[in-house]
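Asks: For reference, this is data.csv, and it has CSV, C-alpha atoms.
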```
chain,number,residue,atom,x,y,z
A,1,MET,CA,0.0,0.0,0.0
A,2,MET,CA,2.8,2.4,0.9
A,3,MET,CA,4.4,1.7,-2.5
A,4,PHE,CA,1.2,2.4,-4.3
A,5,LEU,CA,0.8,5.7,-2.5
A,6,ILE,CA,4.4,6.8,-3.2
A,7,GLY,CA,3.8,6.0,-6.9
A,8,PHE,CA,0.4,7.8,-6.8
A,9,PHE,CA,1.9,11.0,-5.3
A,10,SER,CA,4.9,11.1,-7.6
A,11,GLY,CA,2.6,10.4,-10.5
A,12,ILE,CA,0.4,13.4,-9.7
A,13,LEU,CA,3.5,15.7,-9.7
A,14,GLY,CA,4.8,14.0,-12.9
A,15,GLY,CA,1.4,14.5,-14.6
A,16,MET,CA,1.5,18.2,-13.8
A,17,GLY,CA,5.0,18.5,-15.4
A,18,ILE,CA,6.7,19.3,-12.1
A,19,GLY,CA,8.9,16.3,-12.0
A,20,GLY,CA,7.8,13.0,-10.5
A,21,GLY,CA,11.1,11.1,-10.4
A,22,THR,CA,12.8,13.6,-8.2
A,23,ILE,CA,10.3,12.7,-5.5
A,24,LEU,CA,9.7,9.0,-6.4
A,25,ILE,CA,13.3,8.1,-5.7
A,26,PRO,CA,13.7,9.6,-2.2
A,27,GLY,CA,10.2,8.3,-1.4
A,28,LEU,CA,11.2,4.8,-2.2
A,29,VAL,CA,14.5,5.0,-0.3
A,30,LEU,CA,13.3,6.9,2.8
A,31,LEU,CA,9.8,5.4,3.2
A,32,ALA,CA,9.9,2.0,1.5
A,33,GLY,CA,13.5,1.0,2.4
A,34,LEU,CA,14.7,0.3,-1.2
A,35,SER,CA,18.4,0.8,-2.0
A,36,GLN,CA,19.3,3.9,-3.9
A,37,HIS,CA,20.2,1.8,-7.0
A,38,GLN,CA,16.9,-0.1,-6.9
A,39,ALA,CA,14.9,3.2,-6.5
A,40,GLN,CA,16.7,4.7,-9.5
A,41,GLY,CA,16.0,1.6,-11.5
A,42,ILE,CA,12.3,1.7,-10.7
A,43,ASN,CA,12.2,5.4,-11.7
A,44,LEU,CA,13.7,4.5,-15.1
A,45,LEU,CA,11.3,1.7,-15.6
A,46,PHE,CA,8.4,3.9,-14.5
A,47,PHE,CA,9.3,6.6,-17.1
A,48,LEU,CA,8.9,4.3,-20.1
A,49,PRO,CA,5.1,3.8,-20.2
A,50,VAL,CA,4.4,7.3,-19.1
A,51,ALA,CA,6.7,8.8,-21.6
A,52,THR,CA,5.5,6.6,-24.5
A,53,ALA,CA,1.9,7.7,-23.8
A,54,SER,CA,2.7,11.4,-23.8
A,55,LEU,CA,5.1,11.1,-26.8
A,56,ILE,CA,2.3,9.7,-29.0
A,57,ILE,CA,0.3,12.9,-28.3
A,58,HIS,CA,3.4,15.1,-28.8
A,59,ILE,CA,4.1,13.5,-32.2
A,60,LYS,CA,0.5,14.1,-33.3
A,61,ASN,CA,0.8,17.7,-32.2
A,62,LYS,CA,4.1,18.0,-34.1
A,63,LEU,CA,5.9,19.3,-31.1
A,64,ILE,CA,9.1,17.4,-31.6
A,65,ASP,CA,12.2,18.9,-33.1
A,66,TYR,CA,13.7,15.9,-34.8
A,67,ARG,CA,17.1,17.5,-35.7
A,68,ILE,CA,17.8,18.3,-32.0
A,69,MET,CA,16.5,14.9,-31.0
A,70,ILE,CA,18.7,12.9,-33.4
A,71,PHE,CA,21.9,14.6,-32.4
A,72,ALA,CA,21.1,14.6,-28.7
A,73,VAL,CA,20.3,10.9,-28.8
A,74,LEU,CA,23.6,10.2,-30.7
A,75,ALA,CA,25.7,11.7,-27.9
A,76,GLY,CA,23.3,10.9,-25.1
A,77,VAL,CA,23.0,7.1,-25.5
A,78,PRO,CA,26.8,6.4,-24.9
A,79,ALA,CA,26.7,9.0,-22.1
A,80,ALA,CA,23.8,7.2,-20.5
A,81,PHE,CA,25.7,3.9,-20.7
A,82,GLY,CA,28.7,5.6,-19.1
A,83,GLY,CA,26.6,7.3,-16.4
A,84,ALA,CA,24.8,4.1,-15.5
A,85,TYR,CA,28.1,2.2,-15.3
A,86,LEU,CA,29.5,5.0,-13.0
A,87,ALA,CA,26.4,4.6,-10.8
A,88,SER,CA,26.9,0.8,-10.7
A,89,ILE,CA,30.5,1.1,-9.3
A,90,THR,CA,29.5,3.8,-6.8
A,91,GLN,CA,28.8,2.7,-3.3
A,92,GLU,CA,25.1,2.8,-2.2
A,93,GLY,CA,25.6,5.3,0.7
A,94,LEU,CA,27.7,7.7,-1.4
A,95,LEU,CA,25.3,7.6,-4.4
A,96,ARG,CA,22.4,8.4,-2.0
A,97,LYS,CA,24.3,11.4,-0.6
A,98,ILE,CA,25.2,12.7,-4.0
A,99,PHE,CA,21.5,12.3,-5.0
A,100,GLY,CA,20.6,14.2,-1.8
A,101,GLY,CA,22.8,17.0,-2.9
A,102,PHE,CA,21.2,17.0,-6.3
A,103,LEU,CA,17.7,17.3,-4.7
A,104,ILE,CA,18.8,20.2,-2.6
A,105,VAL,CA,20.1,22.0,-5.7
A,106,ALA,CA,16.8,21.2,-7.5
A,107,GLY,CA,14.8,22.4,-4.5
A,108,LEU,CA,16.7,25.7,-4.3
A,109,TYR,CA,16.2,26.1,-8.1
A,110,GLU,CA,12.4,25.8,-7.6
A,111,TRP,CA,12.5,28.5,-5.0
A,112,PHE,CA,14.8,31.0,-6.7
A,113,LYS,CA,14.2,30.8,-10.4
A,114,LYS,CA,12.8,33.8,-12.3
B,1,MET,CA,22.7,26.2,-46.2
B,2,ALA,CA,20.1,28.5,-44.9
B,3,TYR,CA,17.4,27.6,-42.4
B,4,PHE,CA,13.9,29.2,-42.0
B,5,ASN,CA,11.6,29.5,-39.0
B,6,ASP,CA,7.8,29.1,-39.1
B,7,GLU,CA,7.3,32.6,-40.4
B,8,GLY,CA,9.7,32.0,-43.3
B,9,GLN,CA,12.4,34.4,-42.0
B,10,GLU,CA,16.0,33.2,-42.3
B,11,ILE,CA,17.6,32.3,-39.0
B,12,VAL,CA,21.3,31.8,-39.1
B,13,ASN,CA,22.9,32.3,-35.8
B,14,LYS,CA,20.9,30.1,-33.4
B,15,GLU,CA,20.8,27.4,-36.1
B,16,LYS,CA,24.5,27.5,-36.7
B,17,TYR,CA,25.7,25.4,-33.9
B,18,LYS,CA,22.5,23.5,-33.4
B,19,LYS,CA,24.2,20.1,-34.0
B,20,ALA,CA,27.0,20.8,-31.6
B,21,LYS,CA,24.5,22.2,-29.0
B,22,SER,CA,22.3,19.1,-29.5
B,23,LEU,CA,25.2,16.8,-28.9
B,24,PHE,CA,26.2,18.7,-25.8
B,25,ILE,CA,22.6,18.7,-24.4
B,26,GLY,CA,22.3,15.0,-25.1
B,27,PHE,CA,25.7,14.2,-23.5
B,28,LEU,CA,24.9,16.0,-20.2
B,29,SER,CA,21.4,14.6,-20.0
B,30,GLY,CA,22.7,11.1,-20.7
B,31,ILE,CA,25.3,11.2,-17.9
B,32,LEU,CA,22.6,12.5,-15.5
B,33,ASN,CA,20.0,9.9,-16.7
B,34,GLY,CA,22.4,7.0,-16.2
B,35,PHE,CA,24.0,8.2,-13.0
B,36,PHE,CA,20.8,9.3,-11.1
B,37,GLY,CA,18.2,7.3,-13.0
B,38,SER,CA,16.3,10.5,-13.4
B,39,GLY,CA,16.6,14.2,-13.9
B,40,GLY,CA,17.6,14.2,-17.6
B,41,GLY,CA,14.5,16.3,-18.4
B,42,SER,CA,15.0,18.9,-15.7
B,43,LEU,CA,18.4,19.7,-17.4
B,44,ALA,CA,17.4,19.2,-21.0
B,45,VAL,CA,14.4,21.5,-21.1
B,46,PRO,CA,16.1,24.7,-19.7
B,47,LEU,CA,19.2,23.9,-21.8
B,48,MET,CA,17.1,23.6,-25.0
B,49,THR,CA,15.1,26.8,-24.4
B,50,GLY,CA,18.3,28.6,-23.4
B,51,LEU,CA,20.7,27.4,-26.2
B,52,THR,CA,18.3,27.0,-29.1
B,53,ASP,CA,15.2,28.8,-30.3
B,54,LEU,CA,12.8,26.1,-29.1
B,55,GLU,CA,9.8,27.3,-27.1
B,56,ASP,CA,8.8,25.7,-23.8
B,57,LYS,CA,6.2,23.2,-25.2
B,58,LYS,CA,8.5,21.9,-28.0
B,59,ALA,CA,11.5,21.7,-25.6
B,60,HIS,CA,9.4,19.6,-23.2
B,61,ALA,CA,8.2,17.3,-26.0
B,62,THR,CA,11.6,17.0,-27.6
B,63,ALA,CA,13.2,16.3,-24.2
B,64,ILE,CA,10.8,13.3,-23.7
B,65,SER,CA,11.7,12.0,-27.1
B,66,ILE,CA,15.4,12.1,-26.2
B,67,ILE,CA,15.1,10.8,-22.7
B,68,ILE,CA,13.1,7.7,-23.8
B,69,PHE,CA,16.3,6.5,-25.7
B,70,LEU,CA,18.6,7.5,-22.8
B,71,THR,CA,16.4,5.6,-20.4
B,72,GLY,CA,16.6,2.5,-22.6
B,73,ALA,CA,20.4,2.6,-22.5
B,74,SER,CA,20.5,3.2,-18.7
B,75,LEU,CA,18.0,0.4,-18.1
B,76,PHE,CA,20.1,-2.0,-20.1
B,77,VAL,CA,23.0,-1.4,-17.6
B,78,TYR,CA,20.7,-1.5,-14.5
B,79,PHE,CA,19.2,-4.8,-15.6
B,80,LYS,CA,22.7,-6.2,-16.3
B,81,LYS,CA,23.9,-5.1,-12.8
B,82,ASP,CA,20.7,-6.6,-11.2
B,83,PHE,CA,19.4,-3.3,-9.8
B,84,ILE,CA,15.9,-3.8,-11.1
B,85,ASP,CA,13.6,-5.0,-8.4
B,86,LEU,CA,10.6,-6.1,-10.5
B,87,PRO,CA,8.2,-7.1,-7.6
B,88,SER,CA,8.5,-3.6,-6.1
B,89,ALA,CA,8.2,-2.0,-9.5
B,90,TRP,CA,4.8,-3.7,-10.1
B,91,ARG,CA,3.6,-2.3,-6.8
B,92,VAL,CA,4.7,1.3,-7.6
B,93,ILE,CA,3.8,1.7,-11.3
B,94,PRO,CA,0.0,1.3,-11.1
B,95,GLY,CA,-0.2,4.0,-8.5
B,96,GLY,CA,2.1,6.1,-10.6
B,97,ILE,CA,-0.1,5.8,-13.7
B,98,LEU,CA,-3.3,6.6,-11.8
B,99,GLY,CA,-1.4,9.6,-10.2
B,100,GLY,CA,-0.2,10.8,-13.6
B,101,LEU,CA,-3.8,10.9,-14.9
B,102,THR,CA,-4.9,12.7,-11.8
B,103,GLY,CA,-2.1,15.2,-12.1
B,104,ALA,CA,-2.8,16.0,-15.7
B,105,PHE,CA,-6.5,16.5,-14.8
B,106,LEU,CA,-5.7,18.7,-11.7
B,107,LEU,CA,-3.3,20.8,-13.8
B,108,LYS,CA,-6.1,23.1,-15.0
B,109,LYS,CA,-7.4,23.7,-11.5
B,110,CYS,CA,-4.3,24.1,-9.5
B,111,PRO,CA,-2.1,27.1,-8.7
B,112,VAL,CA,1.1,25.6,-10.2
B,113,LYS,CA,3.3,28.5,-9.0
B,114,LEU,CA,2.4,27.9,-5.4
B,115,LEU,CA,2.8,24.1,-5.9
B,116,ARG,CA,6.3,24.6,-7.2
B,117,LYS,CA,7.3,26.3,-3.9
B,118,VAL,CA,5.7,23.4,-2.0
B,119,PHE,CA,7.5,21.0,-4.3
B,120,GLY,CA,10.8,22.8,-3.8
B,121,THR,CA,10.4,22.7,0.0
B,122,LEU,CA,9.7,19.0,-0.2
B,123,LEU,CA,12.9,18.4,-2.3
B,124,LEU,CA,15.0,20.3,0.2
B,125,TYR,CA,13.6,18.2,3.1
B,126,ALA,CA,14.1,14.9,1.1
B,127,GLY,CA,17.6,16.0,0.1
B,128,TYR,CA,18.5,16.7,3.7
B,129,ARG,CA,17.1,13.3,4.8
B,130,MET,CA,19.0,11.5,2.1
B,131,PHE,CA,22.2,12.9,3.7
B,132,VAL,CA,21.5,12.1,7.3
B,133,VAL,CA,19.7,8.7,7.1
B,134,LYS,CA,21.9,5.7,8.1
```
How does this structure look as structure tokens?
Replies:
Amino acid sequence: MMMFLIGFFSGILGGMGIGGGTILIPGLVLLAGLSQHQAQGINLLFFLPVATASLIIHIKNKLIDYRIMIFAVLAGVPAAFGGAYLASITQEGLLRKIFGGFLIVAGLYEWFKK
Amino acid sequence: MAYFNDEGQEIVNKEKYKKAKSLFIGFLSGILNGFFGSGGGSLAVPLMTGLTDLEDKKAHATAISIIIFLTGASLFVYFKKDFIDLPSAWRVIPGGILGGLTGAFLLKKCPVKLLRKVFGTLLLYAGYRMFVVK
């Protein structure tokens, strides 16, 4: 039930375009006791169906810049392999702390932008 | 080669380094997506609106189209390294989908600006807890 609620709450924020993953991961780690790596993995998995659904609508509305997409994917895919490998060799506690730092930066950004 | 925007005006400068900028945006988002398993979008959208002439909506849509590929690559590694806890995932994802629909519905009726401040505060607290726990 706890997991369902964490998913539900993050989903609401994601659906509003505010960023669901940034709250899903700490929720799973702090409230459901998953490891940082497992929580990140679930967030990745979670993104696929949600993104596919919204992508279909965006393609229909012609909102995608394909030139930017192609080149970003070209550089991004090897970078993602690299980043994921880096995460896999990073110790759980350290990865969690780095992620905590990332959340604090993101939180400050929400408060002080514009 | 010249490029034209929707109004048919020639746009040279912002288009000029578009390939290099796109590679740069993709690279940074990829590292973030792989390392944190999230957050590629929160970086890609502001980078795209800042560095290229994409408006907000298109940047948002294009970011999703990019991150779907990045997520595929990251997931490949996470699966290989056995970080994917499928039983937990099946318990989280249904709630997430229901929440996503609720959120998209609420979007029209909610003061998003205020919500962002609440969200920011929540992030600060979660970030702090991630530091001190265990």
Asks: Could you list, with a cut-off of 10 Å and counting only C-alpha atoms, the residues of range 2-101 of chain A near range 68-86 of chain B, each shown with its nearest atom pair and the distance in Å rounded to one decimal, rows sorted by chain and ascending number, as CSV?
Replies:
```
residue,atom,partner,partner_atom,distance
A:Leu34,CA,B:Asp85,CA,9.0
A:Ser35,CA,B:Phe83,CA,8.9
A:Gln36,CA,B:Phe83,CA,9.3
A:His37,CA,B:Phe83,CA,5.9
A:Gln38,CA,B:Phe83,CA,5.0
A:Ala39,CA,B:Ile84,CA,8.4
A:Gln40,CA,B:Phe83,CA,8.4
A:Gly41,CA,B:Ile84,CA,5.4
A:Ile42,CA,B:Ile84,CA,6.6
A:Asn43,CA,B:Thr71,CA,9.7
A:Leu44,CA,B:Thr71,CA,6.0
A:Leu45,CA,B:Leu75,CA,7.3
A:Phe47,CA,B:Ile68,CA,7.8
A:Leu48,CA,B:Ile68,CA,6.5
A:Pro49,CA,B:Ile68,CA,9.6
A:Val50,CA,B:Ile68,CA,9.9
A:Ala51,CA,B:Ile68,CA,6.9
A:Thr52,CA,B:Ile68,CA,7.7
A:Leu55,CA,B:Ile68,CA,9.2
A:Met69,CA,B:Phe69,CA,9.9
A:Ala72,CA,B:Leu70,CA,9.6
A:Val73,CA,B:Phe69,CA,6.7
A:Leu74,CA,B:Phe69,CA,9.6
A:Ala75,CA,B:Leu70,CA,9.7
A:Gly76,CA,B:Leu70,CA,6.2
A:Val77,CA,B:Leu70,CA,5.2
A:Pro78,CA,B:Ala73,CA,7.8
A:Ala79,CA,B:Leu70,CA,8.3
A:Ala80,CA,B:Ser74,CA,5.5
A:Phe81,CA,B:Ser74,CA,5.6
A:Gly82,CA,B:Ser74,CA,8.6
A:Gly83,CA,B:Ser74,CA,7.7
A:Ala84,CA,B:Ser74,CA,5.4
A:Tyr85,CA,B:Val77,CA,6.7
A:Ala87,CA,B:Tyr78,CA,9.1
A:Ser88,CA,B:Lys81,CA,6.9
A:Ile89,CA,B:Lys81,CA,9.7
```
Asks: Could you check which of A:Leu28, A:Ile70, A:Met2, A:Ile104 is closest to chain B, using only C-alpha atoms?
Replies: A:Ile104
Asks: Neighbours of Gly11 in chain A within 10 Å (all atoms listed in the file; same-chain residues fewer than 3 positions away dropped), as a list in words?
Replies: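 That gives Leu5, Ile6, Gly7, Phe8, Gly14, Gly15, Met16, Gly17, Ile18, Gly19, Gly20, Gly21, Ile23, Leu24, Phe46 and Val50 of chain A; Val92, Ile93, Pro94, Gly95, Gly96, Ile97, Leu98, Gly99, Gly100, Leu101, Thr102, Gly103 and Ala104 of chain B.
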Asks: How far is it from CA of Ile66 in chain B to CA of Leu123 in chain B, in Å with one decimal?
Replies: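 CA of Leu123 in chain B lies 24.8 Å from CA of Ile66 in chain B.
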Asks: Just the number, please: distance in Å from CA of Phe24 in chain B to CA of Thr90 in chain A, one decimal.
Replies: 24.4 Å
Asks: To one decimal place in Å, what is the distance between CA of Glu92 in chain A and CA of Tyr128 in chain B?
Replies: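 Interatomic distance here is 16.5 Å.
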Asks: For each of B:Val118, B:Ala20, B:Ala63, B:Ile31, take the minimum atom-to-atom distance to chain A, counting only C-alpha atoms, then give the residue where this is smallest.
Replies: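 Using only C-alpha atoms, chain A sits closest to B:Ile31.
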Asks: Check the smallest atom-to-atom distance from each of A:Phe71, A:Tyr66, A:Phe9, A:Phe102 to Ser38 in chain B using only C-alpha atoms, then report the winner.
Replies: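 Using only C-alpha atoms, Ser38 in chain B sits closest to A:Phe102.
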